[in-house]
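Q: Following this line is input-v5.cif, made up of mmCIF, C-alpha atoms and all ligand atoms:
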data_entry
loop_
_atom_site.label_atom_id
_atom_site.label_comp_id
_atom_site.auth_asym_id
_atom_site.auth_seq_id
_atom_site.Cartn_x
_atom_site.Cartn_y
_atom_site.Cartn_z
CA MET A 1 60.18 114.00 22.50
CA HIS A 2 58.85 114.48 26.00
CA ALA A 3 60.95 112.74 28.67
CA ASP A 4 57.94 110.91 30.19
CA ALA A 5 56.95 109.56 26.77
CA LEU A 6 60.49 108.31 26.20
CA ILE A 7 60.54 106.52 29.58
CA ALA A 8 57.22 104.84 28.74
CA GLU A 9 58.43 103.84 25.26
CA LEU A 10 61.58 102.32 26.75
CA GLU A 11 59.69 100.15 29.26
CA PRO A 12 59.51 97.02 27.01
CA THR A 13 63.26 97.33 26.33
CA VAL A 14 63.93 97.51 30.08
CA GLU A 15 61.76 94.44 30.59
CA ARG A 16 63.57 92.43 27.90
CA ALA A 17 67.02 93.55 29.01
CA LEU A 18 66.21 92.73 32.64
CA GLU A 19 64.99 89.26 31.69
CA HIS A 20 68.20 88.66 29.76
CA HIS A 21 70.29 90.07 32.62
CA LEU A 22 68.66 87.79 35.19
CA ALA A 23 68.86 84.72 32.98
CA SER A 24 72.55 85.20 32.20
CA THR A 25 73.92 86.47 35.55
CA LYS A 26 75.95 84.02 37.58
CA GLU A 27 75.39 84.21 41.33
CA TRP A 28 78.50 84.95 43.40
CA PHE A 29 79.24 85.36 47.09
CA PRO A 30 81.50 88.08 48.49
CA HIS A 31 82.57 85.93 51.49
CA GLU A 32 84.00 83.23 49.22
CA LEU A 33 86.51 85.68 47.73
CA VAL A 34 87.80 87.20 50.97
CA PRO A 35 91.03 85.69 52.44
CA TRP A 36 89.73 85.52 56.02
CA SER A 37 92.77 83.66 57.37
CA ARG A 38 94.78 86.85 56.95
CA ALA A 39 92.57 88.77 59.41
CA ARG A 40 93.56 89.73 62.94
CA ASP A 41 91.75 91.05 66.00
CA ASP A 42 91.86 94.75 66.78
CA VAL A 43 92.18 96.77 69.93
CA ALA A 44 89.33 99.30 70.10
CA GLY A 45 90.46 102.88 69.64
CA GLU A 46 93.90 102.02 68.28
CA THR A 47 94.66 104.45 65.48
CA GLY A 48 97.25 104.81 62.76
CA GLN A 49 97.67 101.10 62.18
CA ALA A 50 100.26 100.40 59.52
CA PRO A 51 98.75 98.61 56.54
CA ASP A 52 100.07 95.10 56.03
CA THR A 53 100.45 95.30 52.28
CA ALA A 54 102.87 97.61 50.53
CA LEU A 55 100.87 99.22 47.76
CA ALA A 56 101.76 101.88 45.22
CA ASP A 57 100.10 105.25 45.94
CA GLY A 58 97.93 105.12 42.82
CA VAL A 59 96.59 101.67 43.65
CA ARG A 60 95.89 102.66 47.23
CA SER A 61 94.06 105.78 46.03
CA ALA A 62 92.08 103.73 43.50
CA LEU A 63 90.94 101.21 46.13
CA PHE A 64 89.98 104.07 48.45
CA VAL A 65 88.01 105.99 45.80
CA ASN A 66 86.45 102.85 44.27
CA LEU A 67 85.14 101.65 47.62
CA LEU A 68 83.86 105.04 48.79
CA THR A 69 82.04 105.40 45.47
CA GLU A 70 80.36 102.03 45.99
CA ASP A 71 79.49 103.17 49.54
CA ASN A 72 77.58 106.10 48.07
CA LEU A 73 75.05 103.68 46.58
CA PRO A 74 71.99 105.06 48.47
CA TYR A 75 72.32 108.35 46.59
CA TYR A 76 72.85 106.71 43.19
CA THR A 77 69.72 104.64 43.78
CA SER A 78 67.74 107.72 44.75
CA VAL A 79 68.93 109.65 41.65
CA ILE A 80 68.05 106.77 39.31
CA THR A 81 64.68 106.24 41.00
CA SER A 82 63.85 109.94 40.77
CA LEU A 83 64.62 109.87 37.02
CA TYR A 84 62.85 106.62 36.03
CA GLY A 85 60.40 105.88 38.84
CA ASN A 86 59.93 102.90 41.08
CA ASP A 87 57.25 101.02 39.14
CA GLY A 88 57.17 98.24 36.56
CA ALA A 89 60.30 97.05 34.81
CA TRP A 90 62.22 100.25 35.58
CA GLY A 91 61.65 99.84 39.33
CA ALA A 92 62.46 96.12 39.20
CA TRP A 93 65.74 96.90 37.43
CA VAL A 94 66.80 99.66 39.82
CA ARG A 95 66.16 97.42 42.84
CA ARG A 96 68.06 94.50 41.32
CA TRP A 97 70.92 96.80 40.26
CA THR A 98 71.07 98.24 43.80
CA ALA A 99 71.32 94.74 45.27
CA GLU A 100 74.16 93.85 42.88
CA GLU A 101 76.04 97.08 43.58
CA GLY A 102 75.74 96.39 47.31
CA ARG A 103 77.94 93.32 46.86
CA HIS A 104 80.76 95.50 45.61
CA SER A 105 81.20 97.50 48.79
CA ILE A 106 80.77 94.34 50.90
CA VAL A 107 83.53 92.43 49.12
CA LEU A 108 85.89 95.39 48.80
CA ARG A 109 85.55 96.42 52.45
CA ASP A 110 85.95 92.88 53.76
CA TYR A 111 89.04 92.41 51.60
CA LEU A 112 90.60 95.72 52.66
CA THR A 113 89.82 95.13 56.35
CA VAL A 114 91.27 91.63 56.33
CA THR A 115 94.43 92.53 54.41
CA ARG A 116 94.94 96.03 55.92
CA ALA A 117 95.67 97.29 52.43
CA LEU A 118 94.10 100.53 53.73
CA ASP A 119 93.97 101.83 57.30
CA PRO A 120 90.47 100.74 58.46
CA ILE A 121 90.04 103.71 60.77
CA ALA A 122 90.91 106.27 58.08
CA LEU A 123 88.66 104.39 55.68
CA GLU A 124 85.69 104.36 58.06
CA ARG A 125 86.10 108.07 58.83
CA ALA A 126 86.20 108.79 55.10
CA ARG A 127 83.06 106.68 54.57
CA MET A 128 81.21 108.59 57.29
CA ALA A 129 82.25 111.92 55.75
CA GLN A 130 81.39 110.78 52.23
CA VAL A 131 77.98 109.28 52.96
CA ALA A 132 77.02 112.11 55.33
CA CYS A 133 77.55 114.66 52.56
CA GLY A 134 75.66 112.63 49.92
CA GLN A 135 77.19 114.24 46.84
CA VAL A 136 76.63 112.43 43.55
CA PRO A 137 76.16 113.68 39.99
CA ARG A 138 72.48 114.42 39.39
CA PRO A 139 71.60 114.32 35.69
CA HIS A 140 68.61 116.60 35.20
CA ASP A 141 66.88 114.64 32.43
CA PRO A 142 66.30 110.91 31.83
CA ARG A 143 68.25 111.13 28.55
CA ASN A 144 71.24 112.60 30.38
CA GLY A 145 70.84 109.89 32.98
CA LEU A 146 71.04 107.12 30.37
CA VAL A 147 74.17 108.54 28.76
CA TYR A 148 75.74 109.12 32.17
CA VAL A 149 75.11 105.64 33.58
CA ALA A 150 76.23 103.88 30.40
CA LEU A 151 79.55 105.79 30.29
CA GLN A 152 79.96 105.63 34.05
CA GLU A 153 79.46 101.89 34.41
CA LEU A 154 82.05 101.28 31.70
CA ALA A 155 84.46 103.77 33.26
CA THR A 156 84.01 102.05 36.63
CA ARG A 157 84.61 98.68 35.02
CA VAL A 158 87.87 99.95 33.52
CA ALA A 159 88.98 101.54 36.82
CA HIS A 160 88.28 98.35 38.85
CA HIS A 161 89.93 96.19 36.18
CA ASN A 162 93.07 98.33 36.02
CA THR A 163 93.30 98.50 39.81
CA GLY A 164 93.15 94.71 39.99
CA LYS A 165 95.89 94.33 37.38
CA GLN A 166 98.23 96.33 39.60
CA LEU A 167 97.63 94.26 42.74
CA ASP A 168 100.27 91.65 43.58
CA ASP A 169 97.77 89.72 45.65
CA PRO A 170 95.84 87.01 43.72
CA ALA A 171 92.84 87.32 46.11
CA GLY A 172 92.64 91.05 45.43
CA ARG A 173 92.99 90.54 41.69
CA GLU A 174 90.15 88.01 41.70
CA ILE A 175 87.87 90.39 43.63
CA MET A 176 88.53 93.30 41.29
CA LYS A 177 87.95 91.04 38.30
CA ARG A 178 84.59 89.89 39.67
CA VAL A 179 83.42 93.41 40.47
CA ALA A 180 84.62 94.69 37.06
CA ALA A 181 82.64 91.89 35.37
CA ASP A 182 79.46 93.11 37.13
CA GLU A 183 80.12 96.69 36.05
CA ASN A 184 80.52 95.48 32.48
CA ARG A 185 77.09 93.84 32.61
CA HIS A 186 75.59 97.04 34.03
CA TYR A 187 77.25 98.96 31.22
CA LEU A 188 75.76 96.61 28.60
CA PHE A 189 72.32 96.96 30.19
CA TYR A 190 72.35 100.75 30.18
CA ARG A 191 73.93 100.91 26.74
CA GLU A 192 71.08 98.84 25.35
CA LEU A 193 68.58 101.31 26.80
CA ALA A 194 70.58 104.22 25.42
CA ASP A 195 70.66 102.51 21.99
CA ALA A 196 66.86 102.33 22.02
CA ALA A 197 66.63 105.95 23.18
CA PHE A 198 68.90 107.03 20.29
CA ARG A 199 66.47 105.34 17.89
CA LEU A 200 63.40 106.95 19.51
CA ASP A 201 64.77 110.42 20.14
CA PRO A 202 68.13 110.95 18.37
CA SER A 203 68.15 114.73 18.75
CA GLY A 204 67.30 114.66 22.46
CA MET A 205 69.98 112.04 23.06
CA VAL A 206 72.67 113.94 21.16
CA VAL A 207 71.96 117.09 23.18
CA ALA A 208 72.19 114.98 26.36
CA LEU A 209 75.40 113.34 25.10
CA GLU A 210 77.04 116.72 24.53
CA HIS A 211 76.31 117.76 28.11
CA GLU A 212 77.45 114.46 29.63
CA VAL A 213 80.70 114.25 27.65
CA ARG A 214 81.46 117.89 28.52
CA THR A 215 80.82 117.46 32.25
CA PHE A 216 81.96 113.85 32.70
CA GLU A 217 83.95 113.14 35.85
CA MET A 218 84.86 109.93 37.53
CA PRO A 219 82.70 109.64 40.63
CA GLY A 220 84.37 110.97 43.71
CA THR A 221 83.11 114.47 44.43
CA GLY A 222 82.78 114.71 48.17
CA ILE A 223 85.53 112.15 48.90
CA VAL A 224 88.20 113.43 51.29
CA ASP A 225 91.22 114.68 49.25
CA PHE A 226 89.57 113.61 46.00
CA SER A 227 91.74 115.65 43.63
CA HIS A 228 94.92 114.26 45.25
CA HIS A 229 93.61 110.72 44.76
CA ALA A 230 92.43 111.40 41.19
CA LYS A 231 95.95 112.59 40.28
CA ALA A 232 97.56 109.50 41.84
CA ILE A 233 95.09 107.26 39.97
CA ALA A 234 95.93 109.00 36.67
CA ARG A 235 99.70 108.80 37.32
CA ALA A 236 99.40 105.05 37.94
CA GLY A 237 97.63 104.63 34.58
CA ILE A 238 94.46 103.33 36.25
CA TYR A 239 92.21 106.06 34.85
CA ASP A 240 93.25 109.10 32.84
CA PHE A 241 92.37 111.03 29.67
CA HIS A 242 94.09 108.49 27.44
CA ILE A 243 92.04 105.63 28.89
CA HIS A 244 88.89 107.78 28.91
CA TYR A 245 89.26 108.36 25.18
CA GLU A 246 90.54 104.93 24.10
CA GLN A 247 88.25 102.77 26.23
CA ILE A 248 85.11 104.86 26.73
CA LEU A 249 84.56 107.67 24.22
CA LEU A 250 85.99 105.98 21.13
CA PRO A 251 84.32 102.55 21.50
CA VAL A 252 80.97 103.82 22.83
CA VAL A 253 80.27 107.29 21.47
CA ILE A 254 82.11 107.12 18.16
CA ARG A 255 81.97 103.43 17.20
CA HIS A 256 78.85 102.13 18.92
CA TRP A 257 76.47 105.11 18.93
CA LYS A 258 78.05 106.27 15.63
CA LEU A 259 77.67 109.91 16.56
CA GLU A 260 79.13 111.13 13.24
CA ALA A 261 76.63 109.13 11.15
CA LEU A 262 73.37 109.97 12.98
CA THR A 263 70.82 111.52 10.65
CA GLY A 264 67.63 113.56 10.96
CA LEU A 265 68.92 115.76 13.79
CA THR A 266 67.43 119.14 14.71
CA PRO A 267 69.71 122.22 14.28
CA ASP A 268 70.32 122.21 18.07
CA ALA A 269 71.34 118.57 17.98
CA GLU A 270 73.60 119.19 14.95
CA ARG A 271 75.41 121.87 16.96
CA ALA A 272 75.61 119.54 19.95
CA ARG A 273 77.09 116.80 17.73
CA ASP A 274 79.78 119.15 16.36
CA ALA A 275 80.65 120.34 19.85
CA THR A 276 80.86 116.75 21.14
CA LEU A 277 83.10 115.60 18.30
CA GLU A 278 85.36 118.60 18.85
CA ARG A 279 85.55 117.91 22.57
CA ILE A 280 86.31 114.24 22.01
CA ALA A 281 89.13 115.19 19.62
CA ARG A 282 90.57 117.47 22.32
CA ILE A 283 90.32 114.72 24.95
CA ALA A 284 92.09 112.34 22.53
CA GLN A 285 94.89 114.86 22.12
CA ALA A 286 95.23 115.42 25.89
CA GLY A 287 95.23 111.63 26.30
CA ARG A 288 98.05 111.19 23.78
CA ARG A 289 100.15 113.76 25.65
CA THR A 290 99.48 111.97 28.96
CA ALA A 291 100.45 108.62 27.46
CA GLU A 292 103.65 110.07 25.96
CA ARG A 293 104.62 111.68 29.27
CA ARG A 294 104.08 108.40 31.07
CA GLN A 295 106.17 106.54 28.54
CA THR A 296 109.01 109.07 28.85
CA ALA A 297 108.86 108.85 32.65
CA ALA A 298 108.92 105.05 32.50
CA LEU A 299 111.96 105.05 30.17
CA SER A 300 113.91 107.45 32.37
CA ALA A 301 113.01 105.59 35.59
FE FE B 401 79.78 98.80 41.57
FE FE B 402 77.68 98.98 38.31
#
Output the file's structure in the form of structure tokens.
A:
Amino acid sequence: MHADALIAELEPTVERALEHHLASTKEWFPHELVPWSRARDDVAGETGQAPDTALADGVRSALFVNLLTEDNLPYYTSVITSLYGNDGAWGAWVRRWTAEEGRHSIVLRDYLTVTRALDPIALERARMAQVACGQVPRPHDPRNGLVYVALQELATRVAHHNTGKQLDDPAGREIMKRVAADENRHYLFYRELADAAFRLDPSGMVVALEHEVRTFEMPGTGIVDFSHHAKAIARAGIYDFHIHYEQILLPVVIRHWKLEALTGLTPDAERARDATLERIARIAQAGRRTAERRQTAALSA
């Protein structure tokens, strides 16, 4: 199926899903969640300020990466717009989604500035570097885009949720919970579109799925010291192979999209399905090893 035809066929689904999204979304205000009384004035140019809150490395890295990813919103919007256009229901959705995502960086930055959980100067320098380089994954086809955003929104939900669980601060936990709840709604929205696309073009979607599962990475390319932060986040059990398999690939690809049971696939798509299932099995195995290592480390600590 031609990509343009698929986008046109999906338009009524986008319209319905957007209507449902708008009718069931509860308005919330970033400023109501930020503990302003903990703020203090700053002296311009003062560097290396010690953060007020003692945080584990993995949690600090997660907050840093999560916020810088939200800061990269202009590029995510431009990628999604270039794939699906700016008109009709698609355009209305992308603009609404952009407005909702904007809340995430507002609330996270205000919280981190007020509590000094991260050094604000280091954070601002990292934001400048990140946004000035503008690196984001760029799926080359609308089918790849749908698979990517569905998996990515869920992965982001899980990462925010797990970060929040490891915060001692109730204000921080509440913020991460609220942001994670938004990501979950975004995930459900994109998953519904992907469901419809699987019905319309199963072979095209399976080929896209193979590519996206094979190349999937948590967002963060272009962030200063990204691989160091990604390792700390994995060590803290906030996001790793085990979680990626148990909470993303298994529930979405295997159980929800029922990859194994799809019928009527072209030979190319059959090969893509086999390769995807094999890859998912390998990720599951790597995840089990990670979980075992963490358990052993926890017992000997
Ligand atoms: Fe977000
Ligand atoms: Fe989101």
Q: Take atom CA of A:Leu167 and atom CA of A:Leu299 and report the distance between them in Å, one decimal.
A: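 Here the two named atoms are 21.9 Å from each other.
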Q: Which residue gives the smallest distance to A:Val206 among A:Trp257, A:Trp90, A:Tyr75, A:Tyr84, with all atoms listed in the file counted?
A: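 Checking each of A:Trp257, A:Trp90, A:Tyr75, A:Tyr84 against A:Val206, counting all atoms listed in the file, the winner is A:Trp257.
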Q: In terms of the shortest atom-to-atom distance over all atoms listed in the file, which of A:Thr266, A:Thr296, A:Ser203, A:Thr98 is closest to ligand FE 402 (chain B)?
A: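 With all atoms listed in the file as the atom set, the closest residue is A:Thr98.
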Q: Of the candidates A:Gly102, A:Gly287, A:Gly264, A:Pro170, which one gets nearest to ligand FE 402 (chain B) if we count only C-alpha atoms and all ligand atoms?
A: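 That would be A:Gly102, the residue with the smallest distance to ligand FE 402 (chain B).
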Q: Within 6 Å of ligand FE 401 (chain B), counting all atoms listed in the file, which protein or nucleic acid residues do you find, written as number ranges by chain?
A: A: 70, 101, 104, 183
Q: Go through A:Leu10, A:Ala89, A:Met128, A:Val65 one by one, measure the shortest atom-to-atom distance of each to A:Tyr239 using only C-alpha atoms, and give the residue with the smallest value.
A: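 Distance minimum relative to A:Tyr239 lands on A:Val65.
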Q: Would you please work out which residue, of A:Arg173, A:Arg143, A:His229, A:Arg294, is nearest to A:Asn66 when using all atoms listed in the file?
A: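 When distances to A:Asn66 are compared using all atoms listed in the file, the smallest one comes from A:His229.
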Q: Taking the block just given, write stretch 149-161 of chain A to a file that holds all heavy atoms, as a compact mmCIF listing (two decimals), in the first residue's frame.
A:
# COMPACT_ATOMS: atom_id res chain seq x y z
N VAL A 149 6.50 5.90 17.28
CA VAL A 149 5.88 6.76 18.31
C VAL A 149 5.07 5.94 19.32
O VAL A 149 5.07 6.27 20.51
CB VAL A 149 5.03 7.92 17.72
CG1 VAL A 149 5.93 8.97 17.09
CG2 VAL A 149 3.98 7.44 16.75
N ALA A 150 4.43 4.88 18.86
CA ALA A 150 3.67 4.05 19.81
C ALA A 150 4.64 3.43 20.84
O ALA A 150 4.41 3.54 22.05
CB ALA A 150 2.90 2.95 19.08
N LEU A 151 5.72 2.81 20.36
CA LEU A 151 6.67 2.19 21.30
C LEU A 151 7.36 3.24 22.16
O LEU A 151 7.58 3.05 23.35
CB LEU A 151 7.72 1.38 20.53
CG LEU A 151 7.21 0.21 19.67
CD1 LEU A 151 8.37 -0.48 18.97
CD2 LEU A 151 6.41 -0.81 20.50
N GLN A 152 7.68 4.37 21.53
CA GLN A 152 8.43 5.41 22.23
C GLN A 152 7.61 6.08 23.33
O GLN A 152 8.12 6.33 24.42
CB GLN A 152 8.87 6.46 21.20
CG GLN A 152 9.85 7.43 21.77
CD GLN A 152 11.02 6.70 22.41
OE1 GLN A 152 11.77 6.04 21.73
NE2 GLN A 152 11.14 6.77 23.71
N GLU A 153 6.35 6.36 23.06
CA GLU A 153 5.53 6.99 24.10
C GLU A 153 5.39 6.06 25.30
O GLU A 153 5.43 6.50 26.45
CB GLU A 153 4.14 7.35 23.56
CG GLU A 153 4.13 8.48 22.54
CD GLU A 153 4.22 9.87 23.16
OE1 GLU A 153 4.39 9.99 24.39
OE2 GLU A 153 4.14 10.85 22.40
N LEU A 154 5.22 4.77 25.03
CA LEU A 154 5.11 3.83 26.15
C LEU A 154 6.44 3.73 26.90
O LEU A 154 6.46 3.73 28.14
CB LEU A 154 4.67 2.44 25.64
CG LEU A 154 4.50 1.39 26.73
CD1 LEU A 154 3.49 1.81 27.80
CD2 LEU A 154 4.08 0.04 26.12
N ALA A 155 7.53 3.67 26.16
CA ALA A 155 8.85 3.60 26.81
C ALA A 155 9.09 4.85 27.66
O ALA A 155 9.62 4.77 28.78
CB ALA A 155 9.95 3.47 25.75
N THR A 156 8.68 6.00 27.17
CA THR A 156 8.85 7.25 27.92
C THR A 156 7.97 7.23 29.16
O THR A 156 8.38 7.67 30.24
CB THR A 156 8.51 8.46 27.02
OG1 THR A 156 9.27 8.33 25.82
CG2 THR A 156 8.85 9.76 27.67
N ARG A 157 6.76 6.71 29.01
CA ARG A 157 5.87 6.58 30.17
C ARG A 157 6.55 5.74 31.26
O ARG A 157 6.57 6.11 32.43
CB ARG A 157 4.56 5.90 29.76
CG ARG A 157 3.64 5.72 30.91
CD ARG A 157 2.82 4.46 30.84
NE ARG A 157 2.11 4.32 32.10
CZ ARG A 157 2.31 3.35 32.96
NH1 ARG A 157 3.15 2.39 32.71
NH2 ARG A 157 1.65 3.34 34.10
N VAL A 158 7.11 4.61 30.85
CA VAL A 158 7.74 3.70 31.80
C VAL A 158 8.95 4.38 32.46
O VAL A 158 9.14 4.31 33.68
CB VAL A 158 8.16 2.39 31.08
CG1 VAL A 158 9.09 1.55 31.92
CG2 VAL A 158 6.92 1.59 30.67
N ALA A 159 9.76 5.08 31.65
CA ALA A 159 10.95 5.75 32.20
C ALA A 159 10.56 6.85 33.20
O ALA A 159 11.14 6.94 34.29
CB ALA A 159 11.79 6.34 31.07
N HIS A 160 9.56 7.66 32.87
CA HIS A 160 9.12 8.72 33.80
C HIS A 160 8.55 8.08 35.08
O HIS A 160 8.83 8.52 36.19
CB HIS A 160 8.02 9.58 33.17
CG HIS A 160 8.53 10.58 32.16
ND1 HIS A 160 9.61 11.39 32.39
CD2 HIS A 160 8.07 10.92 30.93
CE1 HIS A 160 9.80 12.18 31.34
NE2 HIS A 160 8.88 11.90 30.43
N HIS A 161 7.74 7.05 34.89
CA HIS A 161 7.10 6.39 36.03
C HIS A 161 8.15 5.80 36.98
O HIS A 161 8.09 5.99 38.19
CB HIS A 161 6.17 5.29 35.49
CG HIS A 161 5.48 4.50 36.54
ND1 HIS A 161 4.37 4.97 37.21
CD2 HIS A 161 5.75 3.28 37.05
CE1 HIS A 161 3.99 4.08 38.09
NE2 HIS A 161 4.79 3.04 38.01
